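Novice: Enclosed is the structure file structure-v2.txt (compact mmCIF, C-alpha atoms and all ligand atoms).
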```txt
# COMPACT_ATOMS: atom_id res chain seq x y z
CA MET F 1 -1.79 14.71 -16.43
CA VAL F 2 -3.38 12.21 -14.10
CA THR F 3 -3.10 12.71 -10.34
CA ILE F 4 -3.59 10.02 -7.75
CA ALA F 5 -3.43 10.37 -3.99
CA LEU F 6 -1.34 8.00 -1.89
CA THR F 7 -2.20 7.89 1.78
CA GLY F 8 -1.87 5.59 4.77
CA GLY F 9 -1.29 5.68 8.50
CA ILE F 10 2.05 6.26 10.15
CA GLY F 11 4.53 3.50 9.30
CA SER F 12 2.22 2.01 6.66
CA GLY F 13 4.75 2.10 3.83
CA LYS F 14 3.84 5.27 1.92
CA THR F 15 7.47 6.30 1.46
CA THR F 16 8.42 2.83 0.27
CA ILE F 17 5.59 2.81 -2.28
CA ALA F 18 6.29 6.37 -3.45
CA LYS F 19 9.95 5.51 -4.03
CA ARG F 20 8.91 2.60 -6.22
CA LEU F 21 6.41 4.74 -8.14
CA GLU F 22 9.13 7.31 -8.78
CA GLU F 23 11.35 4.56 -10.20
CA LEU F 24 8.43 3.59 -12.44
CA GLY F 25 8.22 7.15 -13.79
CA GLY F 26 5.72 8.80 -11.46
CA VAL F 27 6.15 12.42 -10.39
CA ILE F 28 6.00 12.50 -6.60
CA LEU F 29 4.50 15.45 -4.73
CA ASP F 30 4.84 15.13 -0.98
CA ALA F 31 2.34 17.03 1.18
CA ASP F 32 4.77 16.92 4.13
CA VAL F 33 7.39 18.75 2.06
CA PHE F 34 4.90 21.50 1.14
CA ALA F 35 3.78 21.70 4.77
CA ARG F 36 7.38 22.36 5.83
CA GLU F 37 7.94 24.82 2.99
CA ALA F 38 4.76 26.70 3.95
CA VAL F 39 6.22 27.59 7.34
CA ALA F 40 9.86 28.08 6.31
CA ILE F 41 11.95 30.71 8.09
CA GLY F 42 10.74 34.17 7.11
CA SER F 43 7.52 32.94 5.46
CA PRO F 44 4.30 34.93 5.91
CA ALA F 45 2.61 31.82 7.41
CA LEU F 46 5.33 31.53 10.06
CA ARG F 47 4.90 35.21 10.96
CA GLN F 48 1.16 34.62 11.39
CA ILE F 49 1.84 31.58 13.57
CA GLU F 50 4.18 33.62 15.78
CA ALA F 51 1.60 36.42 16.03
CA ARG F 52 -1.11 33.96 17.07
CA PHE F 53 0.82 31.46 19.22
CA GLY F 54 3.63 33.63 20.63
CA HIS F 55 7.39 33.86 20.34
CA GLY F 56 7.73 30.59 22.27
CA VAL F 57 7.02 28.61 19.10
CA ILE F 58 10.05 30.10 17.32
CA LEU F 59 13.56 28.68 17.75
CA ASP F 60 16.67 30.85 18.10
CA ASP F 61 17.48 30.43 14.41
CA GLY F 62 14.01 31.67 13.42
CA ALA F 63 12.63 28.26 12.50
CA LEU F 64 9.34 26.85 13.78
CA ASP F 65 9.63 24.91 17.02
CA ARG F 66 7.31 22.08 15.99
CA PRO F 67 7.15 20.28 19.34
CA ALA F 68 6.33 23.58 21.11
CA LEU F 69 3.56 24.34 18.62
CA GLY F 70 2.37 20.75 18.74
CA ALA F 71 2.03 20.96 22.52
CA LEU F 72 -0.09 24.13 22.20
CA VAL F 73 -2.55 22.70 19.69
CA PHE F 74 -2.67 19.13 20.99
CA GLY F 75 -6.21 18.38 22.11
CA ASP F 76 -7.35 21.94 21.37
CA ASP F 77 -9.61 21.86 18.33
CA GLU F 78 -9.97 25.61 18.13
CA ALA F 79 -6.21 26.24 18.18
CA ARG F 80 -5.69 23.47 15.65
CA GLY F 81 -8.36 25.06 13.43
CA VAL F 82 -6.59 28.42 13.61
CA LEU F 83 -3.29 26.78 12.70
CA ASN F 84 -4.84 24.89 9.80
CA ASP F 85 -6.43 28.10 8.50
CA ILE F 86 -2.96 29.65 8.38
CA VAL F 87 -1.07 26.71 6.91
CA HIS F 88 -3.53 24.94 4.58
CA PRO F 89 -4.07 27.76 2.06
CA GLU F 90 -0.32 28.12 1.69
CA VAL F 91 0.12 24.36 1.22
CA ARG F 92 -2.63 24.43 -1.42
CA ARG F 93 -0.93 27.33 -3.19
CA LEU F 94 2.47 25.61 -3.24
CA THR F 95 0.92 22.34 -4.42
CA GLY F 96 -0.99 24.11 -7.19
CA GLU F 97 2.17 25.90 -8.32
CA ARG F 98 4.10 22.64 -8.49
CA LEU F 99 1.27 20.92 -10.38
CA GLU F 100 1.27 23.73 -12.95
CA GLU F 101 5.01 23.23 -13.42
CA VAL F 102 4.61 19.47 -13.84
CA LEU F 103 1.81 19.98 -16.36
CA ARG F 104 3.95 22.42 -18.35
CA ASP F 105 6.92 20.03 -18.36
CA ASP F 106 4.92 16.91 -19.24
CA PRO F 107 1.20 17.12 -20.00
CA ALA F 108 1.03 13.31 -19.82
CA ALA F 109 2.64 13.06 -16.37
CA LEU F 110 1.33 10.58 -13.83
CA VAL F 111 1.45 12.42 -10.54
CA VAL F 112 1.45 10.75 -7.13
CA HIS F 113 0.38 13.15 -4.38
CA VAL F 114 1.51 11.65 -1.07
CA ILE F 115 -0.87 12.91 1.63
CA PRO F 116 -0.49 11.14 4.97
CA LEU F 117 -3.50 12.91 6.52
CA LEU F 118 -5.86 12.80 3.55
CA VAL F 119 -8.82 11.39 5.49
CA GLU F 120 -8.20 13.69 8.44
CA SER F 121 -7.89 16.90 6.42
CA THR F 122 -10.52 16.85 3.69
CA SER F 123 -13.63 15.19 2.38
CA ASN F 124 -13.11 16.66 -1.07
CA TYR F 125 -11.15 14.03 -2.96
CA ASP F 126 -10.34 15.42 -6.37
CA TYR F 127 -8.17 12.59 -7.62
CA GLU F 128 -8.31 10.07 -10.40
CA GLU F 129 -7.75 7.37 -7.78
CA ILE F 130 -6.93 7.08 -4.09
CA TRP F 131 -4.33 4.49 -3.13
CA VAL F 132 -4.06 3.45 0.48
CA ALA F 133 -1.02 1.77 2.01
CA ASP F 134 -2.70 -0.73 4.27
CA ALA F 135 -1.18 -2.66 7.16
CA PRO F 136 -2.96 -3.42 10.44
CA ALA F 137 -2.14 -1.11 13.32
CA ALA F 138 -0.41 -3.94 15.19
CA VAL F 139 2.04 -4.46 12.30
CA ARG F 140 2.73 -0.74 12.10
CA GLU F 141 3.25 -0.51 15.86
CA GLU F 142 5.88 -3.20 15.64
CA ARG F 143 7.65 -1.46 12.76
CA LEU F 144 7.64 1.90 14.51
CA VAL F 145 9.18 0.33 17.61
CA GLU F 146 11.75 -1.69 15.67
CA SER F 147 12.87 0.77 13.03
CA ARG F 148 12.06 4.21 14.46
CA GLY F 149 13.09 3.63 18.04
CA MET F 150 9.66 4.58 19.44
CA SER F 151 8.36 3.13 22.65
CA LEU F 152 5.28 0.94 22.28
CA ALA F 153 3.19 3.57 24.12
CA GLU F 154 4.41 6.32 21.79
CA ALA F 155 3.73 4.23 18.68
CA ARG F 156 0.21 3.44 19.93
CA ALA F 157 -0.50 7.09 20.77
CA ARG F 158 0.66 8.24 17.32
CA ILE F 159 -1.49 5.64 15.60
CA ALA F 160 -4.50 6.43 17.79
CA SER F 161 -4.25 10.16 16.95
CA GLN F 162 -4.83 9.39 13.26
CA ALA F 163 -7.85 8.14 11.34
CA SER F 164 -8.56 4.43 11.66
CA ASP F 165 -7.59 1.77 9.11
CA GLU F 166 -11.34 1.37 8.45
CA GLU F 167 -11.80 5.05 7.63
CA ARG F 168 -8.95 4.95 5.14
CA ARG F 169 -10.19 1.71 3.57
CA LYS F 170 -13.58 3.34 2.94
CA ILE F 171 -12.08 5.95 0.60
CA ALA F 172 -9.60 3.62 -1.14
CA ASP F 173 -9.84 2.82 -4.84
CA VAL F 174 -6.71 0.72 -4.48
CA LEU F 175 -5.54 -0.98 -1.28
CA ILE F 176 -1.84 -1.79 -1.30
CA ASP F 177 -1.20 -4.58 1.17
CA THR F 178 1.90 -3.49 3.06
CA SER F 179 1.67 -6.22 5.67
CA ALA F 180 2.87 -8.66 3.01
CA PRO F 181 6.58 -9.34 2.46
CA LEU F 182 8.13 -6.30 0.75
CA ASP F 183 8.68 -7.97 -2.64
CA GLN F 184 4.98 -8.89 -2.83
CA THR F 185 3.96 -5.35 -2.00
CA LEU F 186 6.26 -3.98 -4.70
CA GLU F 187 4.82 -6.46 -7.19
CA GLN F 188 1.32 -5.21 -6.38
CA VAL F 189 2.51 -1.62 -6.80
CA ASP F 190 4.01 -2.47 -10.22
CA GLU F 191 0.78 -4.14 -11.31
CA GLU F 192 -1.43 -1.25 -10.22
CA TRP F 193 0.91 1.20 -11.88
CA ARG F 194 0.72 -0.64 -15.21
CA ARG F 195 -3.07 -0.62 -14.95
CA LEU F 196 -3.12 3.09 -14.12
CA ALA F 197 -0.76 3.92 -17.00
CA ALA F 198 -3.11 2.09 -19.38
CA VAL F 199 -6.12 4.00 -17.99
CA ALA F 200 -4.23 7.28 -18.39
CA LEU F 201 -3.40 6.46 -22.01
CA ARG F 202 -7.03 5.75 -22.78
CA ALA F 203 -8.13 9.04 -21.23
CA PRO F 204 -5.50 11.58 -22.31
CA GLU F 205 -7.91 14.44 -21.72
CA THR F 206 -8.10 13.68 -17.99
CA GLN F 207 -6.59 16.46 -15.95
CA THR F 208 -7.14 16.04 -12.27
CA TYR F 209 -5.87 18.64 -9.85
CA GLY F 210 -5.57 17.10 -6.43
CA VAL F 211 -5.69 20.27 -4.42
P1 LIG P 301 5.58 7.61 7.95
O1 LIG P 301 4.13 7.89 7.90
O2 LIG P 301 6.05 7.51 9.35
O3 LIG P 301 6.42 8.53 7.13
P2 LIG P 301 5.51 5.57 5.89
O4 LIG P 301 4.07 5.27 5.71
O5 LIG P 301 6.16 6.44 4.88
O6 LIG P 301 5.78 6.12 7.34
P3 LIG P 301 7.65 3.68 5.35
O7 LIG P 301 8.70 4.50 5.96
O8 LIG P 301 7.58 3.58 3.86
O9 LIG P 301 6.22 4.15 5.95
O10 LIG P 301 7.66 2.14 5.83
C1 LIG P 301 7.66 1.72 7.13
C2 LIG P 301 8.62 0.55 7.27
O11 LIG P 301 7.99 -0.66 6.92
C3 LIG P 301 9.89 0.65 6.42
O12 LIG P 301 10.99 0.36 7.24
C4 LIG P 301 9.69 -0.48 5.40
O13 LIG P 301 10.90 -1.03 4.93
C5 LIG P 301 8.92 -1.50 6.21
N1 LIG P 301 8.20 -2.51 5.45
C6 LIG P 301 8.27 -3.83 5.68
N2 LIG P 301 7.48 -4.52 4.84
C7 LIG P 301 6.89 -3.62 4.05
C8 LIG P 301 5.96 -3.76 2.98
N3 LIG P 301 5.47 -4.93 2.60
N4 LIG P 301 5.55 -2.62 2.37
C9 LIG P 301 6.02 -1.41 2.78
N5 LIG P 301 6.90 -1.23 3.80
C10 LIG P 301 7.34 -2.33 4.44
```
Please express what this file holds, its structure, as structure tokens.

Specialist:
Amino acid sequence: MVTIALTGGIGSGKTTIAKRLEELGGVILDADVFAREAVAIGSPALRQIEARFGHGVILDDGALDRPALGALVFGDDEARGVLNDIVHPEVRRLTGERLEEVLRDDPAALVVHVIPLLVESTSNYDYEEIWVADAPAAVREERLVESRGMSLAEARARIASQASDEERRKIADVLIDTSAPLDQTLEQVDEEWRRLAAVALRAPETQTYGV
């Protein structure tokens, strides 16, 4: 099993790339899905969040009120740290469980771990390669406004709250240019995937756990 990380800023094209990689045979693990699962209704992590942040962060149906929690931790490093200490271990556990399953099903699997906040959340990059979906902030702003219905101010604030393009480029083994026309981006993805598959074949003993 070979595991790569796929990261990129908001609106950079991670989902588009991951979809293509799945079509090419990759096994996609999405950190956002595990993050939601970690705080599902009735989960121990959600109970800890309620105990720490109050009943106001729980909706009537028992689910997490994300905007309410977001407002409490926004700009408060200590509160954010407390939240991360509750959620991250659970996300790691769920990811590890899923990786074990994938390894059992197909020891030669090529796994793509989609982690939007890779740069922001760790400096311990245990991956065969890191792929970064890369489009300048101005291009992403435009896409967020056009296709997600955000205001320009909202798009800018969301982008500014994340790591910079430069910070992501620094950790990239592969930069996927997502400011190009879509068919060119997909061609680059196909090319990189063929290269990675060849690397994986030459190193069948490689087992990288990206957690
Ligand atoms: P988020 O972080 O918000 O989940 P994302 O990184 O997953 O976003 P996508 O949803 O994949 O980003 O892509 C953003 C938009 O950019 C999509 O509407 C996609 O079709 C469009 N797009 C246009 N050109 C490209 C390109 N060359 N590569 C990737 N996406 C592109």

Novice: What is the atom CA of F:Thr16 to atom CA of F:Ser179 distance in Å?

Specialist: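 Here the two named atoms are 12.5 Å from each other.
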
Novice: Taking all atoms listed in the file into account, which of F:Leu72, F:Ala79, F:Ile171, F:Ala137 comes nearest ligand LIG 301 (chain P)?

Specialist: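 Smallest separation from ligand LIG 301 (chain P) among the options: F:Ala137.
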
Novice: Kindly give the distance, in Å, that separates atom CA of F:Val87 and atom CA of F:Ala155, rounded to a single decimal.

Specialist: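 Result for atom CA of F:Val87 versus atom CA of F:Ala155: 25.8 Å, one decimal.
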
Novice: Once you count only C-alpha atoms and all ligand atoms, which residues end up within 9 Å of ligand LIG 301 (chain P), and could you hand them over as a ChimeraX atom specification?

Specialist: /F:7-19,116,133-135,139-140,143-144,146-148,176-186

Novice: Using all atoms listed in the file, which of the listed residues (F:Ala35, F:Val174, F:Leu94, F:Ala45) sits closest to F:Arg195?

Specialist: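 That would be F:Val174, the residue with the smallest distance to F:Arg195.
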
Novice: Please report the interatomic distance between atom CA of F:Tyr127 and atom CA of F:Pro89 in Å with one decimal.

Specialist: 18.5 Å

Novice: Could you pull out every residue with an atom within 12 Å of (6.3, 30.7, 5.9), file coordinates, counting only C-alpha atoms, and send them as a list of chain:residue names?

Specialist: F:Phe34, F:Ala35, F:Arg36, F:Glu37, F:Ala38, F:Val39, F:Ala40, F:Ile41, F:Gly42, F:Ser43, F:Pro44, F:Ala45, F:Leu46, F:Arg47, F:Gln48, F:Ile49, F:Glu50, F:Gly62, F:Ala63, F:Leu64, F:Ile86, F:Val87, F:His88, F:Pro89, F:Glu90, F:Val91, F:Leu94

Novice: Draw an axis-aligned box tight on the listed atoms of stretch 50-57 of chain F, then pad every side by 8 Å and write out centre and edge lengths in Å to one decimal as AutoDock Vina command-line options.

Specialist:
```
--center_x 3.3 --center_y 32.5 --center_z 19.0 --size_x 24.8 --size_y 23.8 --size_z 22.5
```
